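Structure file input.cif (mmCIF, C-alpha atoms) follows.
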```
data_upload
loop_
_atom_site.label_atom_id
_atom_site.label_comp_id
_atom_site.auth_asym_id
_atom_site.auth_seq_id
_atom_site.Cartn_x
_atom_site.Cartn_y
_atom_site.Cartn_z
CA MET F 1 -43.64 -43.38 32.89
CA LYS F 2 -46.46 -40.90 33.49
CA VAL F 3 -44.94 -37.46 33.97
CA ALA F 4 -46.64 -34.18 34.93
CA VAL F 5 -44.78 -31.07 33.75
CA THR F 6 -45.27 -27.46 34.79
CA GLY F 7 -43.99 -24.82 32.39
CA GLY F 8 -44.30 -27.31 29.53
CA THR F 9 -45.56 -24.70 27.07
CA GLY F 10 -42.53 -22.48 27.71
CA PHE F 11 -39.12 -22.55 26.08
CA ILE F 12 -37.22 -25.09 28.18
CA GLY F 13 -40.41 -26.93 29.05
CA SER F 14 -41.46 -27.54 25.45
CA HIS F 15 -38.05 -29.09 24.69
CA VAL F 16 -38.38 -31.32 27.76
CA VAL F 17 -41.91 -32.40 26.82
CA LYS F 18 -40.77 -33.23 23.29
CA GLU F 19 -37.79 -35.25 24.57
CA LEU F 20 -39.95 -37.23 27.00
CA SER F 21 -42.61 -37.85 24.36
CA GLN F 22 -40.07 -39.16 21.88
CA ALA F 23 -38.66 -41.43 24.61
CA GLY F 24 -42.09 -43.06 25.05
CA HIS F 25 -43.23 -41.38 28.26
CA THR F 26 -46.79 -40.12 28.78
CA VAL F 27 -46.77 -36.40 29.57
CA THR F 28 -49.41 -34.19 31.15
CA VAL F 29 -48.57 -30.52 30.66
CA MET F 30 -50.10 -28.36 33.40
CA ALA F 31 -50.36 -24.91 31.82
CA ARG F 32 -51.75 -21.49 32.58
CA ASN F 33 -52.57 -21.10 28.89
CA PRO F 34 -53.21 -24.46 27.18
CA ALA F 35 -53.43 -22.73 23.77
CA LYS F 36 -49.78 -21.68 23.93
CA ALA F 37 -47.34 -23.77 21.82
CA PRO F 38 -50.11 -25.63 19.91
CA GLY F 39 -47.50 -27.86 18.25
CA LEU F 40 -47.23 -29.79 21.52
CA ARG F 41 -50.60 -31.38 20.75
CA ALA F 42 -49.09 -33.12 17.74
CA LEU F 43 -46.65 -35.03 19.96
CA ASN F 44 -47.45 -38.59 20.96
CA ARG F 45 -48.78 -39.26 24.47
CA VAL F 46 -48.97 -35.55 25.38
CA ARG F 47 -52.01 -34.04 27.08
CA ILE F 48 -52.33 -30.35 27.92
CA ALA F 49 -54.48 -29.33 30.88
CA ARG F 50 -55.35 -25.93 32.30
CA ALA F 51 -53.80 -25.78 35.76
CA GLU F 52 -52.30 -22.56 37.08
CA MET F 53 -49.80 -22.60 39.93
CA HIS F 54 -52.29 -21.08 42.39
CA ASP F 55 -55.15 -23.41 41.37
CA LEU F 56 -54.55 -26.27 43.82
CA PRO F 57 -57.68 -28.28 42.89
CA ALA F 58 -56.66 -28.29 39.19
CA LEU F 59 -53.09 -29.24 40.10
CA ALA F 60 -54.36 -32.03 42.34
CA ARG F 61 -56.56 -33.48 39.59
CA ASN F 62 -53.68 -33.59 37.13
CA LEU F 63 -51.14 -34.94 39.61
CA THR F 64 -53.35 -37.90 40.47
CA GLY F 65 -51.96 -41.10 38.98
CA GLN F 66 -48.67 -39.52 37.89
CA HIS F 67 -45.34 -41.24 38.53
CA ALA F 68 -43.23 -38.08 38.38
CA LEU F 69 -43.46 -34.30 38.57
CA VAL F 70 -41.08 -32.10 36.58
CA HIS F 71 -41.42 -28.54 37.86
CA ILE F 72 -40.11 -26.02 35.33
CA ALA F 73 -42.59 -23.13 35.58
CA LEU F 74 -41.26 -19.91 37.08
CA CYS F 75 -43.47 -17.41 38.88
CA TRP F 76 -41.86 -14.00 39.28
CA GLY F 77 -41.96 -11.25 41.90
CA ASN F 78 -40.26 -7.85 41.83
CA THR F 79 -39.47 -7.75 45.55
CA ALA F 80 -38.12 -10.32 47.99
CA PRO F 81 -41.51 -10.95 49.65
CA LEU F 82 -43.28 -11.18 46.29
CA MET F 83 -40.62 -13.52 44.93
CA MET F 84 -40.94 -15.72 47.99
CA GLU F 85 -44.72 -15.81 47.72
CA ALA F 86 -44.94 -16.26 43.93
CA GLU F 87 -42.09 -18.73 43.40
CA THR F 88 -40.90 -20.28 46.68
CA LEU F 89 -44.25 -20.79 48.39
CA ALA F 90 -46.04 -21.77 45.16
CA SER F 91 -43.36 -24.38 44.39
CA ILE F 92 -43.45 -25.80 47.91
CA ARG F 93 -47.24 -26.10 47.79
CA LEU F 94 -47.05 -27.83 44.41
CA ILE F 95 -44.43 -30.33 45.58
CA ASP F 96 -46.30 -30.98 48.82
CA LEU F 97 -49.41 -31.70 46.76
CA ALA F 98 -47.47 -34.07 44.51
CA VAL F 99 -46.25 -35.97 47.57
CA ALA F 100 -49.79 -36.20 48.91
CA LYS F 101 -51.01 -37.54 45.55
CA GLY F 102 -48.49 -40.37 45.55
CA VAL F 103 -45.98 -39.06 43.01
CA LYS F 104 -42.77 -41.04 43.44
CA GLN F 105 -40.31 -38.69 41.78
CA VAL F 106 -39.92 -34.90 41.82
CA LEU F 107 -37.47 -33.07 39.56
CA TYR F 108 -37.15 -29.39 40.40
CA THR F 109 -35.74 -26.78 38.02
CA SER F 110 -33.44 -24.45 39.91
CA SER F 111 -30.73 -22.23 38.37
CA THR F 112 -27.01 -21.59 38.41
CA ALA F 113 -28.06 -18.39 40.21
CA ALA F 114 -28.76 -20.54 43.27
CA ALA F 115 -25.03 -21.24 43.59
CA GLY F 116 -23.86 -17.70 42.91
CA TYR F 117 -20.56 -16.88 41.26
CA SER F 118 -18.12 -16.56 44.16
CA TYR F 119 -16.05 -19.62 43.31
CA LYS F 120 -13.60 -19.83 40.40
CA THR F 121 -14.70 -23.39 39.71
CA ILE F 122 -18.26 -24.13 40.80
CA THR F 123 -19.29 -27.68 41.62
CA GLU F 124 -22.55 -29.05 42.95
CA ASP F 125 -21.10 -29.57 46.43
CA LYS F 126 -20.10 -25.92 46.91
CA PHE F 127 -22.13 -24.03 49.52
CA PRO F 128 -24.75 -21.91 47.67
CA LEU F 129 -24.06 -18.17 47.74
CA PRO F 130 -26.90 -16.56 45.72
CA GLU F 131 -26.43 -12.94 44.75
CA ASP F 132 -30.03 -11.97 43.99
CA PHE F 133 -33.59 -12.78 45.06
CA TYR F 134 -34.05 -15.13 42.10
CA GLY F 135 -31.12 -17.26 43.19
CA ALA F 136 -32.25 -17.10 46.82
CA THR F 137 -35.75 -18.38 46.05
CA LYS F 138 -34.36 -21.19 43.92
CA VAL F 139 -31.98 -22.44 46.59
CA SER F 140 -34.79 -22.15 49.15
CA VAL F 141 -36.93 -24.61 47.23
CA GLU F 142 -33.89 -26.86 46.80
CA MET F 143 -33.54 -27.04 50.58
CA PHE F 144 -37.16 -28.07 50.97
CA CYS F 145 -36.63 -30.80 48.36
CA LEU F 146 -33.63 -32.04 50.33
CA ALA F 147 -35.69 -32.08 53.53
CA TRP F 148 -38.52 -33.96 51.81
CA GLY F 149 -36.00 -36.44 50.47
CA HIS F 150 -34.81 -37.26 53.97
CA ARG F 151 -38.34 -37.48 55.36
CA ARG F 152 -39.62 -39.58 52.45
CA PRO F 153 -36.98 -42.09 51.32
CA ASP F 154 -39.63 -43.72 49.11
CA ILE F 155 -39.70 -40.63 46.86
CA ARG F 156 -36.79 -39.48 44.68
CA PHE F 157 -36.14 -35.75 44.78
CA ASN F 158 -33.57 -34.27 42.39
CA VAL F 159 -32.61 -30.80 41.18
CA ILE F 160 -31.31 -29.48 37.87
CA ARG F 161 -29.62 -26.09 37.79
CA PRO F 162 -29.72 -24.90 34.16
CA GLY F 163 -27.41 -22.18 32.96
CA TYR F 164 -28.01 -19.78 30.06
CA THR F 165 -30.25 -21.77 27.72
CA PHE F 166 -30.68 -20.84 24.06
CA GLY F 167 -32.25 -22.23 20.92
CA ASP F 168 -35.06 -22.07 18.41
CA ALA F 169 -38.63 -23.20 19.01
CA CYS F 170 -38.95 -26.99 18.90
CA VAL F 171 -42.69 -27.14 18.10
CA ARG F 172 -45.12 -24.99 16.16
CA GLY F 173 -45.94 -21.87 18.14
CA GLY F 174 -43.24 -22.61 20.71
CA SER F 175 -40.93 -20.07 22.29
CA THR F 176 -37.45 -19.11 21.15
CA GLY F 177 -34.85 -18.79 23.89
CA GLY F 178 -32.34 -16.02 24.29
CA ASP F 179 -32.19 -12.44 25.54
CA ARG F 180 -32.10 -9.19 23.64
CA ARG F 181 -28.35 -9.38 23.07
CA PHE F 182 -28.80 -12.11 20.46
CA THR F 183 -31.35 -10.12 18.47
CA ASP F 184 -29.50 -6.82 18.97
CA ILE F 185 -26.21 -8.29 17.72
CA CYS F 186 -27.86 -9.88 14.68
CA ALA F 187 -29.79 -6.69 13.86
CA LYS F 188 -26.57 -4.65 13.89
CA ILE F 189 -24.77 -7.27 11.81
CA LYS F 190 -27.50 -7.12 9.17
CA ALA F 191 -27.39 -3.33 9.17
CA GLY F 192 -23.58 -3.20 9.05
CA LYS F 193 -23.46 -1.20 12.28
CA PRO F 194 -20.56 -1.31 14.77
CA ILE F 195 -20.87 -3.58 17.80
CA LYS F 196 -19.34 -2.82 21.20
CA LEU F 197 -19.23 -5.55 23.85
CA SER F 198 -17.66 -6.12 27.25
CA ALA F 199 -14.38 -7.99 26.85
CA GLY F 200 -14.56 -11.58 28.03
CA GLU F 201 -18.23 -11.49 28.99
CA GLY F 202 -20.00 -14.75 28.25
CA THR F 203 -21.14 -18.00 29.79
CA GLN F 204 -21.38 -21.76 29.31
CA PHE F 205 -24.37 -21.63 27.00
CA VAL F 206 -26.47 -24.79 26.74
CA TRP F 207 -28.80 -25.67 23.87
CA ALA F 208 -32.33 -26.40 25.12
CA GLY F 209 -32.42 -29.74 23.29
CA ASP F 210 -29.29 -30.88 25.15
CA LEU F 211 -30.69 -29.68 28.46
CA ALA F 212 -33.83 -31.73 27.80
CA LYS F 213 -31.62 -34.83 27.49
CA LEU F 214 -30.38 -34.19 31.02
CA TYR F 215 -33.96 -34.01 32.33
CA ARG F 216 -34.72 -37.33 30.69
CA ALA F 217 -31.53 -38.92 32.02
CA VAL F 218 -32.28 -37.88 35.60
CA LEU F 219 -35.89 -39.06 35.38
CA GLU F 220 -34.87 -42.45 34.03
CA SER F 221 -32.08 -42.89 36.60
CA ARG F 222 -32.22 -44.08 40.20
CA CYS F 223 -30.68 -40.85 41.56
CA ARG F 224 -31.98 -39.45 44.85
CA ASN F 225 -31.34 -36.11 46.53
CA GLU F 226 -28.90 -35.02 43.83
CA VAL F 227 -28.16 -31.65 42.22
CA PHE F 228 -26.91 -31.45 38.62
CA TYR F 229 -25.65 -28.49 36.60
CA GLY F 230 -27.10 -28.27 33.10
CA LEU F 231 -24.68 -26.24 30.97
CA GLY F 232 -22.35 -26.52 28.02
CA ARG F 233 -18.69 -27.37 28.57
CA ARG F 234 -17.41 -24.47 26.46
CA TYR F 235 -17.30 -20.88 27.71
CA ILE F 236 -18.55 -18.74 24.80
CA THR F 237 -18.21 -14.96 24.86
CA TRP F 238 -20.65 -12.50 23.34
CA GLU F 239 -17.75 -11.26 21.26
CA GLN F 240 -17.41 -14.75 19.75
CA ILE F 241 -21.14 -14.82 19.05
CA ALA F 242 -20.87 -11.49 17.24
CA ARG F 243 -17.93 -12.79 15.18
CA TRP F 244 -19.88 -15.92 14.23
CA ALA F 245 -22.83 -13.77 13.21
CA ARG F 246 -20.59 -11.51 11.10
CA GLU F 247 -19.00 -14.52 9.41
CA ILE F 248 -22.35 -16.20 8.70
CA HIS F 249 -23.91 -13.03 7.30
CA GLY F 250 -20.82 -11.79 5.46
CA SER F 251 -21.13 -8.42 7.17
CA ARG F 252 -18.35 -5.89 7.68
CA SER F 253 -19.63 -4.65 11.03
CA PRO F 254 -16.67 -3.65 13.24
CA ILE F 255 -16.63 -5.51 16.56
CA ARG F 256 -14.91 -3.95 19.56
CA ALA F 257 -14.49 -5.53 22.99
CA VAL F 258 -13.92 -2.99 25.74
CA GLY F 259 -12.75 -3.29 29.33
CA LYS F 260 -10.50 -5.73 31.11
CA ARG F 261 -10.81 -9.45 30.41
CA GLY F 262 -11.26 -11.15 33.74
CA THR F 263 -11.03 -14.84 34.57
CA PRO F 264 -14.47 -16.41 34.08
CA HIS F 265 -16.17 -18.38 36.82
CA LEU F 266 -16.69 -21.86 35.40
CA PHE F 267 -19.18 -24.56 36.35
CA SER F 268 -17.84 -28.09 36.44
CA LEU F 269 -19.80 -30.59 34.34
CA ARG F 270 -17.99 -33.69 35.59
CA LYS F 271 -21.01 -34.89 37.53
CA ILE F 272 -23.38 -35.25 34.55
CA GLU F 273 -20.59 -36.76 32.49
CA LYS F 274 -19.82 -39.34 35.17
CA ALA F 275 -23.48 -40.11 35.98
CA PHE F 276 -24.96 -40.10 32.47
CA GLY F 277 -22.12 -39.79 29.97
CA LEU F 278 -23.43 -36.37 28.87
CA LYS F 279 -21.12 -33.78 27.32
CA PHE F 280 -22.70 -30.67 25.83
CA ASP F 281 -20.99 -28.25 23.45
CA GLY F 282 -23.34 -25.55 22.24
CA ALA F 283 -21.20 -24.08 19.44
CA ALA F 284 -22.87 -25.85 16.48
CA LYS F 285 -26.40 -25.18 17.73
CA MET F 286 -25.42 -21.61 18.56
CA LYS F 287 -24.51 -21.06 14.90
CA GLU F 288 -27.86 -22.54 13.84
CA HIS F 289 -29.63 -20.15 16.23
CA ILE F 290 -27.68 -17.22 14.80
CA ARG F 291 -28.67 -18.25 11.25
CA THR F 292 -32.32 -18.27 12.31
CA LEU F 293 -32.03 -14.77 13.78
CA LEU F 294 -30.21 -13.46 10.73
CA ALA F 295 -32.80 -14.88 8.30
#
```

Take the structure in the file and give it back as structure tokens.
Amino acid sequence: MKVAVTGGTGFIGSHVVKELSQAGHTVTVMARNPAKAPGLRALNRVRIARAEMHDLPALARNLTGQHALVHIALCWGNTAPLMMEAETLASIRLIDLAVAKGVKQVLYTSSTAAAGYSYKTITEDKFPLPEDFYGATKVSVEMFCLAWGHRRPDIRFNVIRPGYTFGDACVRGGSTGGDRRFTDICAKIKAGKPIKLSAGEGTQFVWAGDLAKLYRAVLESRCRNEVFYGLGRRYITWEQIARWAREIHGSRSPIRAVGKRGTPHLFSLRKIEKAFGLKFDGAAKMKEHIRTLLA
């Protein structure tokens, strides 16, 4: 399959490109900066082209002859109108262009933020209740994909909603995933400093390599107009991460969890298990990531 990927030089994107390359697909990475993540060039059947999200002629050239579009790139705005213009409108224009160029499959990267966190158990069929502009723009593009899917039954539109994705770089010069809390925790562990965290705070972390397997599975399936959550099955707290880091390093840093432990909102992963037999548990890869940060 010939697959065009936006955001392929980024963290999640580079893992997806590597997974597709190893599966025998031909990948065109449409990138703002083709020099980023130079290790991608060493992968088989991978071509990197300069094509920014606002450069429609460049996007059109690189979408021509492609079987599928995987849209991972995120364009940010600090206000609702800017977010709508930078992300929602840019994504809709890209997908519309892909349809015009004869692409037969579109896989859009949304987010768990599109669903919101109002339900105790969150499944793909729950009505989306986003709580911020990021979630709102993601669910907006999802709705356009659904509308396209009904207008064009010859094209398969699907959506993946990743959760908190972590991991090390998968190619030379690639990005490492994770927010400042990982590095802050590991820095304090190495220095023997005390760590204070909110009790019970955490999420269903997913390793980027596992998430990439879901992208491949959806692309190679016959699914149409479907939404899939991409997360790990296990709810891991930041307190647990700190304890793993302390154990791995042999530190004596005191760890204190403060506040009331609430009941976490959990995302159901039954759909990807039933559809593709995928079950992700990020604990082992989380420990590898911690070892990298502690090195």

Could you build a table of the residues in stretch 80-167 of chain F lying no more than 10 Å from stretch 37-58 of chain F, giving for each the nearest pair of atoms and their separation in Å rounded to one decimal place, using only C-alpha atoms, ordered by chain and ascending residue number, as JSON lines?
```
{"residue": "F:Ala86", "atom": "CA", "partner": "F:His54", "partner_atom": "CA", "distance": 8.9}
{"residue": "F:Glu87", "atom": "CA", "partner": "F:Met53", "partner_atom": "CA", "distance": 9.3}
{"residue": "F:Ala90", "atom": "CA", "partner": "F:Met53", "partner_atom": "CA", "distance": 6.5}
{"residue": "F:Ser91", "atom": "CA", "partner": "F:Met53", "partner_atom": "CA", "distance": 8.0}
{"residue": "F:Arg93", "atom": "CA", "partner": "F:Leu56", "partner_atom": "CA", "distance": 8.3}
{"residue": "F:Leu94", "atom": "CA", "partner": "F:Met53", "partner_atom": "CA", "distance": 7.4}
{"residue": "F:Leu97", "atom": "CA", "partner": "F:Leu56", "partner_atom": "CA", "distance": 8.0}
```

Self-check item: Picked residues, the PyMOL selection byres ((chain F and resi 186-194) around 7), expected as a list of chain:residue names
Solution: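 Selected by the PyMOL selection byres ((chain F and resi 186-194) around 7) here: F:Phe182, F:Thr183, F:Asp184, F:Ile185, F:Ile195, F:Lys196, F:Ala245, F:Arg246, F:Ser251, F:Arg252, F:Ser253, F:Pro254, F:Ile255, F:Leu293, F:Leu294.
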
Let's have the selection written as a short mmCIF file (atom, residue, chain, number, x, y, z; two decimals), in the frame of the given file, with C-alpha atoms.
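Result file out03.cif:
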```
data_model
loop_
_atom_site.label_atom_id
_atom_site.label_comp_id
_atom_site.auth_asym_id
_atom_site.auth_seq_id
_atom_site.Cartn_x
_atom_site.Cartn_y
_atom_site.Cartn_z
CA PHE F 182 -28.80 -12.11 20.46
CA THR F 183 -31.35 -10.12 18.47
CA ASP F 184 -29.50 -6.82 18.97
CA ILE F 185 -26.21 -8.29 17.72
CA ILE F 195 -20.87 -3.58 17.80
CA LYS F 196 -19.34 -2.82 21.20
CA ALA F 245 -22.83 -13.77 13.21
CA ARG F 246 -20.59 -11.51 11.10
CA SER F 251 -21.13 -8.42 7.17
CA ARG F 252 -18.35 -5.89 7.68
CA SER F 253 -19.63 -4.65 11.03
CA PRO F 254 -16.67 -3.65 13.24
CA ILE F 255 -16.63 -5.51 16.56
CA LEU F 293 -32.03 -14.77 13.78
CA LEU F 294 -30.21 -13.46 10.73
#
```

Self-check item: Counting only C-alpha atoms, the option among F:His289, F:Lys101, F:Arg161, F:Arg216 closest to F:Ala115
Solution: F:Arg161

Self-check item: Straight-line distance linking atom CA of F:Phe144 with atom CA of F:Gly209, stated in Å to one decimal
Solution: 28.1 Å

Quiz item: Where does the PyMOL selection byres ((chain F and resi 25) around 10) land in this file, that is, which residues does it pick, as a count of residues only?
Solution: 18
